[in-house]
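S.K.: mmCIF, C-alpha atoms and all ligand atoms, file entry35.cif:
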data_structure
#
loop_
_atom_site.label_atom_id
_atom_site.label_comp_id
_atom_site.auth_asym_id
_atom_site.auth_seq_id
_atom_site.Cartn_x
_atom_site.Cartn_y
_atom_site.Cartn_z
CA MET A 1 -7.75 4.44 -18.99
CA ARG A 2 -7.06 4.72 -15.27
CA ASN A 3 -5.26 2.03 -13.29
CA ILE A 4 -7.56 0.92 -10.46
CA ILE A 5 -6.49 -1.62 -7.83
CA ILE A 6 -9.30 -3.50 -6.04
CA THR A 7 -8.40 -5.75 -3.10
CA GLY A 8 -10.61 -8.79 -2.60
CA GLY A 9 -11.87 -8.37 -6.15
CA ASN A 10 -12.55 -12.08 -6.65
CA ASP A 11 -15.85 -12.21 -4.74
CA GLY A 12 -18.81 -10.22 -3.44
CA LEU A 13 -18.70 -6.44 -3.64
CA GLY A 14 -15.12 -6.37 -4.96
CA LYS A 15 -16.04 -8.59 -7.89
CA ALA A 16 -19.10 -6.43 -8.71
CA ILE A 17 -16.93 -3.29 -8.62
CA ALA A 18 -14.32 -4.98 -10.84
CA GLU A 19 -16.96 -6.08 -13.36
CA LEU A 20 -18.45 -2.59 -13.56
CA LEU A 21 -15.24 -0.55 -13.66
CA SER A 22 -13.40 -2.87 -16.07
CA LYS A 23 -15.73 -1.68 -18.85
CA LYS A 24 -13.89 1.67 -18.98
CA ASP A 25 -10.76 1.42 -16.81
CA ASN A 26 -7.81 -0.91 -16.34
CA VAL A 27 -8.86 -2.91 -13.29
CA ILE A 28 -6.21 -4.72 -11.26
CA ILE A 29 -7.66 -7.32 -8.92
CA ILE A 30 -5.84 -8.46 -5.81
CA SER A 31 -6.91 -11.87 -4.61
CA LYS A 32 -5.63 -13.72 -1.56
CA LYS A 33 -5.62 -17.14 -3.20
CA TYR A 34 -3.91 -18.10 -6.47
CA ASP A 35 -6.86 -20.32 -7.57
CA ASN A 36 -9.30 -17.44 -7.16
CA ALA A 37 -7.01 -15.13 -9.13
CA MET A 38 -6.92 -17.70 -11.96
CA ARG A 39 -10.72 -18.11 -11.91
CA ILE A 40 -11.46 -14.39 -11.84
CA SER A 41 -9.03 -13.69 -14.69
CA LYS A 42 -11.26 -15.94 -16.84
CA GLU A 43 -14.53 -14.43 -15.54
CA ILE A 44 -13.36 -10.82 -16.03
CA PRO A 45 -10.92 -11.28 -18.94
CA ASN A 46 -10.03 -7.60 -19.30
CA ALA A 47 -8.91 -7.31 -15.66
CA GLU A 48 -5.35 -7.97 -14.48
CA CYS A 49 -5.16 -10.36 -11.50
CA TYR A 50 -2.50 -10.65 -8.81
CA THR A 51 -2.24 -12.92 -5.77
CA CYS A 52 -1.44 -11.17 -2.48
CA ASP A 53 -2.35 -11.62 1.17
CA ILE A 54 -2.92 -8.03 2.32
CA THR A 55 -2.01 -8.94 5.90
CA LYS A 56 1.62 -9.60 4.88
CA PRO A 57 3.60 -6.34 4.50
CA ASP A 58 6.35 -7.88 2.33
CA GLU A 59 3.80 -9.41 -0.05
CA VAL A 60 1.94 -6.10 -0.23
CA ASN A 61 5.10 -4.12 -1.00
CA ASP A 62 6.35 -6.63 -3.60
CA THR A 63 2.94 -6.82 -5.29
CA ILE A 64 2.54 -3.05 -5.50
CA LYS A 65 6.09 -2.70 -6.86
CA THR A 66 5.36 -5.33 -9.55
CA ILE A 67 2.01 -3.76 -10.44
CA ILE A 68 3.56 -0.31 -10.88
CA GLU A 69 6.40 -1.76 -12.99
CA LYS A 70 3.97 -3.64 -15.25
CA GLN A 71 0.89 -1.38 -15.33
CA GLY A 72 2.30 2.09 -14.60
CA ASP A 73 1.13 4.68 -12.08
CA ILE A 74 -1.84 3.85 -9.89
CA ASP A 75 -4.76 6.26 -10.12
CA ILE A 76 -7.17 4.64 -7.66
CA LEU A 77 -6.92 2.13 -4.82
CA ILE A 78 -10.10 0.50 -3.56
CA ASN A 79 -9.40 -1.20 -0.23
CA ASN A 80 -12.32 -3.62 -0.26
CA ALA A 81 -11.03 -6.95 1.13
CA GLY A 82 -12.50 -7.89 4.48
CA VAL A 83 -13.61 -10.72 6.74
CA TRP A 84 -16.53 -11.13 9.11
CA LEU A 85 -16.31 -12.23 12.73
CA ALA A 86 -19.27 -12.66 15.09
CA GLY A 87 -19.89 -14.30 18.42
CA ASP A 88 -19.26 -13.56 22.06
CA LEU A 89 -15.71 -12.29 22.61
CA THR A 90 -15.01 -15.18 24.98
CA GLU A 91 -15.75 -17.57 22.11
CA ASN A 92 -13.57 -15.81 19.52
CA THR A 93 -10.14 -17.42 19.26
CA TYR A 94 -6.97 -15.30 19.29
CA GLU A 95 -6.40 -16.42 15.70
CA GLN A 96 -9.85 -15.17 14.63
CA ILE A 97 -9.37 -11.86 16.47
CA SER A 98 -5.95 -11.28 14.89
CA ASN A 99 -7.17 -12.19 11.42
CA CYS A 100 -10.15 -9.83 11.66
CA ILE A 101 -8.00 -6.86 12.73
CA ASP A 102 -5.22 -7.84 10.29
CA VAL A 103 -7.48 -8.06 7.22
CA ASN A 104 -9.96 -5.27 7.98
CA THR A 105 -7.65 -2.70 9.57
CA LYS A 106 -3.96 -3.43 9.05
CA GLY A 107 -4.44 -4.68 5.45
CA PRO A 108 -5.87 -1.41 4.09
CA ILE A 109 -3.28 0.56 6.07
CA TYR A 110 -0.44 -1.55 4.57
CA MET A 111 -1.92 -1.13 1.07
CA THR A 112 -2.26 2.63 1.53
CA LYS A 113 1.31 2.91 2.85
CA ALA A 114 2.60 0.96 -0.17
CA ILE A 115 0.66 3.02 -2.75
CA LEU A 116 1.15 6.52 -1.34
CA PRO A 117 4.72 7.13 -2.59
CA ASN A 118 3.49 6.56 -6.17
CA MET A 119 0.54 8.90 -5.62
CA TYR A 120 2.81 11.52 -3.99
CA GLU A 121 5.01 11.44 -7.11
CA GLN A 122 1.94 12.04 -9.29
CA GLY A 123 0.51 14.69 -6.94
CA LYS A 124 -2.87 13.00 -7.26
CA GLY A 125 -4.78 9.81 -6.57
CA LEU A 126 -7.89 8.45 -4.89
CA ILE A 127 -8.16 5.85 -2.13
CA VAL A 128 -11.57 4.40 -1.27
CA ASN A 129 -11.68 2.46 1.98
CA VAL A 130 -14.65 0.08 2.13
CA CYS A 131 -15.63 0.16 5.80
CA SER A 132 -19.15 -0.58 7.04
CA GLN A 133 -22.17 0.79 8.84
CA ALA A 134 -20.54 -1.21 11.65
CA SER A 135 -17.97 1.61 11.68
CA PHE A 136 -20.68 3.69 13.39
CA ASP A 137 -22.87 1.12 15.14
CA SER A 138 -22.28 -0.78 18.36
CA ASP A 139 -23.74 -4.23 17.80
CA ASP A 140 -23.73 -6.80 20.58
CA PHE A 141 -22.79 -9.75 18.35
CA SER A 142 -19.74 -8.60 16.39
CA THR A 143 -17.46 -6.75 18.80
CA VAL A 144 -14.14 -7.39 17.07
CA TYR A 145 -15.53 -6.74 13.57
CA ASN A 146 -16.99 -3.43 14.79
CA ALA A 147 -13.65 -2.53 16.38
CA SER A 148 -11.81 -3.31 13.14
CA LYS A 149 -14.19 -1.09 11.15
CA TRP A 150 -14.35 1.75 13.72
CA ALA A 151 -10.57 1.88 13.56
CA MET A 152 -10.79 2.42 9.80
CA ARG A 153 -13.11 5.40 10.29
CA GLY A 154 -10.43 6.98 12.48
CA PHE A 155 -7.78 6.13 9.88
CA ASN A 156 -9.88 7.70 7.12
CA ARG A 157 -10.46 10.94 8.99
CA SER A 158 -6.82 11.33 9.92
CA ILE A 159 -5.24 10.40 6.62
CA GLN A 160 -7.68 12.58 4.68
CA LYS A 161 -6.27 15.64 6.46
CA ASN A 162 -2.72 14.46 5.84
CA VAL A 163 -2.77 13.53 2.15
CA SER A 164 -5.30 16.05 0.80
CA LYS A 165 -2.49 18.63 1.10
CA LYS A 166 -0.65 16.53 -1.50
CA GLY A 167 -3.58 16.33 -3.92
CA ILE A 168 -4.72 12.87 -2.83
CA LYS A 169 -8.34 12.13 -2.00
CA VAL A 170 -9.58 9.51 0.50
CA THR A 171 -13.18 8.37 0.74
CA GLY A 172 -14.52 6.34 3.65
CA PHE A 173 -17.21 4.10 2.15
CA TYR A 174 -19.80 2.74 4.60
CA PRO A 175 -22.19 0.11 3.19
CA GLY A 176 -24.89 -1.60 5.18
CA PHE A 177 -25.82 -5.29 5.07
CA MET A 178 -25.11 -6.80 1.62
CA GLN A 179 -25.93 -10.04 -0.17
CA THR A 180 -22.49 -11.68 -0.15
CA ASN A 181 -20.78 -14.85 1.11
CA ILE A 182 -18.74 -13.04 3.79
CA PHE A 183 -20.88 -14.43 6.62
CA GLU A 184 -20.94 -17.99 5.30
CA LYS A 185 -17.12 -17.94 4.99
CA ALA A 186 -17.00 -17.09 8.72
CA GLY A 187 -19.37 -19.95 9.57
CA ASN A 188 -22.56 -17.87 9.98
CA ASP A 189 -25.68 -18.98 8.15
CA TYR A 190 -27.51 -15.61 7.86
CA ASP A 191 -30.39 -14.89 5.50
CA THR A 192 -28.93 -12.10 3.35
CA SER A 193 -31.96 -11.74 1.06
CA THR A 194 -32.85 -8.29 2.45
CA GLY A 195 -29.30 -7.06 2.01
CA LEU A 196 -28.12 -4.63 -0.64
CA GLU A 197 -27.33 -6.14 -4.01
CA VAL A 198 -23.64 -5.65 -4.70
CA GLU A 199 -24.29 -4.34 -8.23
CA LYS A 200 -26.17 -1.38 -6.69
CA VAL A 201 -23.34 -0.68 -4.25
CA ALA A 202 -20.79 -0.87 -7.07
CA LYS A 203 -22.67 1.96 -8.82
CA ALA A 204 -22.01 4.18 -5.80
CA ILE A 205 -18.28 3.43 -6.08
CA GLU A 206 -18.46 4.30 -9.78
CA PHE A 207 -20.02 7.66 -8.84
CA ILE A 208 -17.26 8.38 -6.31
CA ILE A 209 -14.40 7.60 -8.68
CA ASN A 210 -15.93 9.74 -11.45
CA CYS A 211 -16.33 12.91 -9.40
CA ASP A 212 -14.50 16.02 -10.56
CA GLU A 213 -10.78 16.00 -9.70
CA ASP A 214 -11.12 18.84 -7.18
CA VAL A 215 -14.09 17.26 -5.36
CA ILE A 216 -13.54 15.11 -2.27
CA ILE A 217 -16.23 12.84 -0.85
CA PRO A 218 -14.97 12.26 2.70
CA GLU A 219 -17.72 9.81 3.65
CA PHE A 220 -20.31 7.89 1.66
CA GLY A 221 -22.94 5.69 3.32
CA ILE A 222 -25.33 3.34 1.52
CA LYS A 223 -28.10 1.15 2.98
CA ASP A 224 -31.07 -0.87 1.80
CA ILE A 225 -34.39 0.70 2.78
CA GLU A 226 -35.41 -2.57 4.48
CA ASN A 227 -32.40 -2.41 6.77
CA TYR A 228 -32.34 1.29 7.60
N1 LIG B 301 -21.50 -8.17 3.23
C1 LIG B 301 -21.89 -7.19 4.05
O1 LIG B 301 -23.01 -7.19 4.58
C2 LIG B 301 -20.96 -6.04 4.32
C3 LIG B 301 -21.49 -4.89 4.93
C4 LIG B 301 -20.67 -3.80 5.15
C5 LIG B 301 -19.35 -3.84 4.79
N2 LIG B 301 -18.84 -4.95 4.22
C6 LIG B 301 -17.43 -4.92 3.81
O2 LIG B 301 -17.39 -4.96 2.40
C7 LIG B 301 -16.13 -5.51 1.98
C8 LIG B 301 -16.38 -6.61 0.97
O3 LIG B 301 -17.02 -7.68 1.64
P1 LIG B 301 -17.99 -8.73 0.92
O4 LIG B 301 -19.23 -8.74 1.71
O5 LIG B 301 -18.01 -8.49 -0.54
O6 LIG B 301 -17.23 -10.10 1.29
P2 LIG B 301 -16.61 -11.26 0.37
O7 LIG B 301 -17.52 -11.60 -0.75
O8 LIG B 301 -16.18 -12.34 1.29
O9 LIG B 301 -15.33 -10.53 -0.23
C9 LIG B 301 -14.25 -10.22 0.59
C10 LIG B 301 -12.98 -10.35 -0.23
O10 LIG B 301 -11.84 -10.11 0.63
C11 LIG B 301 -10.86 -11.13 0.35
N3 LIG B 301 -9.91 -11.31 1.43
C12 LIG B 301 -10.14 -11.81 2.68
N4 LIG B 301 -8.97 -11.89 3.36
C13 LIG B 301 -8.00 -11.43 2.53
C14 LIG B 301 -6.59 -11.26 2.64
N5 LIG B 301 -5.95 -11.60 3.75
N6 LIG B 301 -5.91 -10.77 1.58
C15 LIG B 301 -6.57 -10.44 0.43
N7 LIG B 301 -7.89 -10.57 0.26
C16 LIG B 301 -8.59 -11.07 1.29
C17 LIG B 301 -11.74 -12.36 0.11
O11 LIG B 301 -11.00 -13.41 -0.45
P3 LIG B 301 -11.58 -14.92 -0.41
O12 LIG B 301 -12.62 -14.98 -1.48
O13 LIG B 301 -10.38 -15.76 -0.68
O14 LIG B 301 -12.17 -15.14 0.95
C18 LIG B 301 -12.78 -11.75 -0.82
O15 LIG B 301 -12.29 -11.65 -2.11
C19 LIG B 301 -15.44 -5.97 3.27
O16 LIG B 301 -14.51 -5.01 3.68
C20 LIG B 301 -16.59 -6.08 4.27
O17 LIG B 301 -16.15 -5.96 5.60
C21 LIG B 301 -19.61 -6.05 3.96
#
Render the structure in this file as structure tokens.
Ligand SMILES: NC(=O)c1ccc[n+]([C@@H]2O[C@H](COP(=O)([O-])OP(=O)(O)OC[C@H]3O[C@@H](n4cnc5c(N)ncnc54)[C@H](OP(=O)(O)O)[C@@H]3O)[C@@H](O)[C@H]2O)c1

M.R.:
Amino acid sequence: MRNIIITGGNDGLGKAIAELLSKKDNVIIISKKYDNAMRISKEIPNAECYTCDITKPDEVNDTIKTIIEKQGDIDILINNAGVWLAGDLTENTYEQISNCIDVNTKGPIYMTKAILPNMYEQGKGLIVNVCSQASFDSDDFSTVYNASKWAMRGFNRSIQKNVSKKGIKVTGFYPGFMQTNIFEKAGNDYDTSTGLEVEKVAKAIEFIINCDEDVIIPEFGIKDIENY
């Protein structure tokens, strides 16, 4: 059984990935809020759940240290947690802008920095960074979100070159519009009915993590045919 950490595994895509992968692997869910961690530990009883705000470097480092002590070496990290932010830039508050960049960009970088020493020791490991089709597009309604996800594409490309020399694989994962609550949490009442179902997207993650050890998938995009 592999140890797989999934950030934001209490909802949406992260939860679907956790449900699917926990059938065969030891899934470790990172949830921002304690209540959600408690709830998800009942809903996915064979997953381990930890509370950690990925925007806080000390919390990230302490949580990863505890996980490695309790669960052993980490085989796979899935940086999935994210937040949505839309609206004209002049209407976005500094707090919203910071949170969007902190969760979507700095969070996965902090998580990767915390995990890499353990993967270096093993000489192997896989990191999947859930980005977005917004990592490629230039929408007029989500400037800061797009910036946060474009930054991750640059991070992926650069770190892939760096860590592949040490046996570690990094996949940039780029889903399109999905049927989740991410927009509602940000105060946007979008109709998500034409979005990808998260269970279908989770299958793509399952494919990536089950590739042969010497095969790297640098980039993986997935979209619903109605939103191509
Ligand atoms: N939905 C889409 O159309 C879409 C499209 C492309 C890419 N994506 C990306 O896919 C990923 C998953 O999003 P989703 O749609 O499944 O959204 P979701 O259902 O809202 O899930 C996001 C998860 O991230 C967690 N999170 C937020 N801030 C956090 C923090 N500071 N520390 C730890 N966890 C935190 C959330 O916790 P709470 O439950 O406490 O909020 C939640 O568990 C994100 O990276 C998103 O940007 C989404």

S.K.: With a cut-off of 8 Å, could you pull out the residues of chain A touching ligand LIG 301 (chain B) and give me the nearest pair of atoms for each, distance in Å to one decimal, using all atoms listed in the file, ordered by chain and ascending number, as CSV?

M.R.:
residue,atom,partner,partner_atom,distance
A:Thr7,CA,B:LIG301,N7,5.9
A:Gly8,CA,B:LIG301,O15,3.4
A:Gly9,CA,B:LIG301,O15,5.2
A:Asn10,CA,B:LIG301,O15,4.6
A:Asp11,CA,B:LIG301,O7,4.4
A:Gly12,CA,B:LIG301,O7,3.3
A:Leu13,CA,B:LIG301,O5,3.8
A:Gly14,CA,B:LIG301,O5,5.7
A:Lys15,CA,B:LIG301,O15,7.5
A:Ile30,CA,B:LIG301,C15,6.6
A:Ser31,CA,B:LIG301,N7,5.1
A:Lys32,CA,B:LIG301,C15,3.9
A:Lys33,CA,B:LIG301,O13,5.6
A:Asn36,CA,B:LIG301,O13,6.8
A:Thr51,CA,B:LIG301,C15,8.0
A:Cys52,CA,B:LIG301,C15,5.9
A:Asp53,CA,B:LIG301,N6,3.7
A:Ile54,CA,B:LIG301,N6,4.1
A:Thr55,CA,B:LIG301,N5,5.2
A:Lys56,CA,B:LIG301,N5,7.9
A:Asn79,CA,B:LIG301,O16,7.5
A:Asn80,CA,B:LIG301,O16,4.7
A:Ala81,CA,B:LIG301,O10,3.3
A:Gly82,CA,B:LIG301,O16,3.6
A:Val83,CA,B:LIG301,C12,5.5
A:Trp84,CA,B:LIG301,O17,6.3
A:Asn99,CA,B:LIG301,N5,7.8
A:Asp102,CA,B:LIG301,N5,7.6
A:Val103,CA,B:LIG301,N5,5.2
A:Asn104,CA,B:LIG301,O16,6.3
A:Gly107,CA,B:LIG301,N5,7.3
A:Val130,CA,B:LIG301,O16,5.3
A:Cys131,CA,B:LIG301,C5,5.6
A:Ser132,CA,B:LIG301,C5,4.0
A:Gln133,CA,B:LIG301,C4,6.1
A:Ala134,CA,B:LIG301,C4,7.0
A:Lys149,CA,B:LIG301,O17,7.6
A:Tyr174,CA,B:LIG301,C5,6.6
A:Pro175,CA,B:LIG301,C4,4.6
A:Gly176,CA,B:LIG301,C3,4.7
A:Phe177,CA,B:LIG301,O1,3.4
A:Met178,CA,B:LIG301,O1,3.7
A:Gln179,CA,B:LIG301,N1,5.9
A:Thr180,CA,B:LIG301,O4,4.8
A:Asn181,CA,B:LIG301,O7,5.0
A:Ile182,CA,B:LIG301,O8,3.6
A:Phe183,CA,B:LIG301,N1,7.1
A:Lys185,CA,B:LIG301,O8,6.8
A:Thr192,CA,B:LIG301,O1,7.8
A:Gly195,CA,B:LIG301,O1,6.8
A:Leu196,CA,B:LIG301,O1,7.7
A:Val198,CA,B:LIG301,O5,7.6

S.K.: Within 12 Å of (-1.8, 17.4, -10.2) (coordinates as in the file), grab all the protein and nucleic acid residues, counting only C-alpha atoms, and write them out as a list in words.

M.R.: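 Output of the proximity query reads Asp75, Met119, Tyr120, Glu121, Gln122, Gly123, Lys124, Gly125, Ser164, Lys165, Lys166, Gly167, Ile168, Lys169, Glu213 and Asp214 of chain A.
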
S.K.: Measuring atom to atom with all atoms listed in the file, identify which of A:Ile222, A:Ile4, A:Met38, A:Ala114 is nearest to A:Thr63.

M.R.: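 For A:Thr63, the nearest of the given residues is A:Ala114.
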
S.K.: Go through A:Ile74, A:Leu126, A:Ile64, A:Ile97 one by one, measure the shortest atom-to-atom distance of each to A:Cys211 using only C-alpha atoms, and give the residue with the smallest value.

M.R.: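 For A:Cys211, the nearest of the given residues is A:Leu126.
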
S.K.: When you count all atoms listed in the file, which of these residues is closest to A:Trp150: A:Asp137, A:Asp58, A:Glu219, A:Asp189?

M.R.: A:Asp137

S.K.: Can you tell me how far atom CA of A:Glu69 sits from atom CA of A:Ile127, in Å to one decimal?

M.R.: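 Rounded to one decimal, the two atoms are 19.7 Å apart.
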
S.K.: Quick one: pull the distance between atom CA of A:Val144 and atom CA of A:Thr171, Å, one decimal.

M.R.: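 Between atom CA of A:Val144 and atom CA of A:Thr171 the gap is 22.7 Å.
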
S.K.: When distances are computed from all atoms listed in the file, which of A:Pro108, A:Lys113, A:Asp35, A:Glu19 shows the smallest separation from A:Val163?

M.R.: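 Ranking A:Pro108, A:Lys113, A:Asp35, A:Glu19 by distance to A:Val163, first place goes to A:Lys113.
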
S.K.: Find the residue from A:Ile217, A:Asp224, A:Leu85, A:Ile205 that sits nearest to A:Asn146; use all atoms listed in the file when measuring.

M.R.: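 Closest to A:Asn146, using all atoms listed in the file: A:Leu85.
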
S.K.: Compile the contact shell of A:Ser142 as a VMD selection string: residues with an atom at most 8 Å away, counting all atoms listed in the file, same-chain residues fewer than 5 positions apart removed.

M.R.: chain A and resid 85 to 88

S.K.: For each of A:Glu48, A:Val170, A:Gly154, A:Glu184, take the minimum atom-to-atom distance to A:Val215, counting all atoms listed in the file, then give the residue where this is smallest.

M.R.: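 That would be A:Val170, the residue with the smallest distance to A:Val215.
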
S.K.: What is the atom CA of A:Ile5 to atom CA of A:Ser135 distance in Å?

M.R.: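 About the pair atom CA of A:Ile5 and atom CA of A:Ser135: they are 22.9 Å apart.
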
S.K.: Taking 6 positions as the minimum chain separation for residues in the same chain, which residues sit within 8 Å of A:Ala47 when counting all atoms listed in the file? Answer as a PyMOL selection string.

M.R.: chain A and resi 18+22+26-29+41

S.K.: Generate the missing atoms of stretch 200-209 of chain A up to all heavy atoms and report them as a tab-separated table (two decimals), in the coordinates of the input.

M.R.:
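The resulting result.tsv:
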chain	number	residue	atom	x	y	z
A	200	LYS	N	-25.70	-2.73	-7.02
A	200	LYS	CA	-26.17	-1.38	-6.69
A	200	LYS	C	-25.10	-0.61	-5.91
A	200	LYS	O	-24.92	0.58	-6.08
A	200	LYS	CB	-27.46	-1.45	-5.87
A	200	LYS	CG	-28.62	-2.00	-6.68
A	200	LYS	CD	-29.88	-2.12	-5.84
A	200	LYS	CE	-30.98	-2.77	-6.68
A	200	LYS	NZ	-32.12	-3.20	-5.88
A	201	VAL	N	-24.41	-1.32	-5.05
A	201	VAL	CA	-23.34	-0.68	-4.25
A	201	VAL	C	-22.17	-0.29	-5.17
A	201	VAL	O	-21.57	0.78	-5.02
A	201	VAL	CB	-22.89	-1.61	-3.11
A	201	VAL	CG1	-21.85	-0.94	-2.24
A	201	VAL	CG2	-24.10	-2.04	-2.26
A	202	ALA	N	-21.89	-1.16	-6.13
A	202	ALA	CA	-20.79	-0.87	-7.07
A	202	ALA	C	-21.07	0.43	-7.84
A	202	ALA	O	-20.13	1.18	-8.15
A	202	ALA	CB	-20.61	-2.03	-8.04
A	203	LYS	N	-22.34	0.71	-8.11
A	203	LYS	CA	-22.67	1.96	-8.82
A	203	LYS	C	-22.29	3.19	-8.00
A	203	LYS	O	-21.93	4.23	-8.54
A	203	LYS	CB	-24.17	2.01	-9.13
A	203	LYS	CG	-24.58	1.17	-10.32
A	203	LYS	CD	-26.00	1.55	-10.71
A	203	LYS	CE	-26.84	0.33	-10.88
A	203	LYS	NZ	-28.27	0.60	-10.95
A	204	ALA	N	-22.40	3.07	-6.68
A	204	ALA	CA	-22.01	4.18	-5.80
A	204	ALA	C	-20.49	4.40	-5.86
A	204	ALA	O	-20.02	5.54	-5.88
A	204	ALA	CB	-22.44	3.89	-4.36
A	205	ILE	N	-19.75	3.31	-5.94
A	205	ILE	CA	-18.28	3.43	-6.08
A	205	ILE	C	-17.95	4.10	-7.41
A	205	ILE	O	-17.08	4.96	-7.50
A	205	ILE	CB	-17.62	2.03	-6.00
A	205	ILE	CG1	-17.84	1.38	-4.63
A	205	ILE	CG2	-16.13	2.10	-6.37
A	205	ILE	CD1	-16.89	1.78	-3.54
A	206	GLU	N	-18.69	3.70	-8.46
A	206	GLU	CA	-18.46	4.30	-9.78
A	206	GLU	C	-18.69	5.82	-9.73
A	206	GLU	O	-17.93	6.60	-10.30
A	206	GLU	CB	-19.42	3.66	-10.80
A	206	GLU	CG	-19.17	4.11	-12.23
A	206	GLU	CD	-20.21	3.53	-13.19
A	206	GLU	OE1	-21.41	3.44	-12.83
A	206	GLU	OE2	-19.82	3.19	-14.31
A	207	PHE	N	-19.74	6.23	-8.99
A	207	PHE	CA	-20.02	7.66	-8.84
A	207	PHE	C	-18.84	8.36	-8.16
A	207	PHE	O	-18.38	9.42	-8.60
A	207	PHE	CB	-21.31	7.84	-8.02
A	207	PHE	CG	-21.54	9.26	-7.59
A	207	PHE	CD1	-22.04	10.20	-8.47
A	207	PHE	CD2	-21.25	9.66	-6.29
A	207	PHE	CE1	-22.25	11.52	-8.07
A	207	PHE	CE2	-21.45	10.96	-5.87
A	207	PHE	CZ	-21.94	11.90	-6.77
A	208	ILE	N	-18.35	7.76	-7.08
A	208	ILE	CA	-17.26	8.38	-6.31
A	208	ILE	C	-16.01	8.56	-7.18
A	208	ILE	O	-15.39	9.63	-7.17
A	208	ILE	CB	-16.93	7.53	-5.05
A	208	ILE	CG1	-18.08	7.61	-4.06
A	208	ILE	CG2	-15.62	7.98	-4.40
A	208	ILE	CD1	-18.02	6.56	-2.96
A	209	ILE	N	-15.67	7.51	-7.93
A	209	ILE	CA	-14.40	7.60	-8.68
A	209	ILE	C	-14.53	8.52	-9.90
A	209	ILE	O	-13.51	8.91	-10.47
A	209	ILE	CB	-13.86	6.22	-9.12
A	209	ILE	CG1	-14.76	5.59	-10.18
A	209	ILE	CG2	-13.65	5.30	-7.93
A	209	ILE	CD1	-14.03	4.56	-11.01
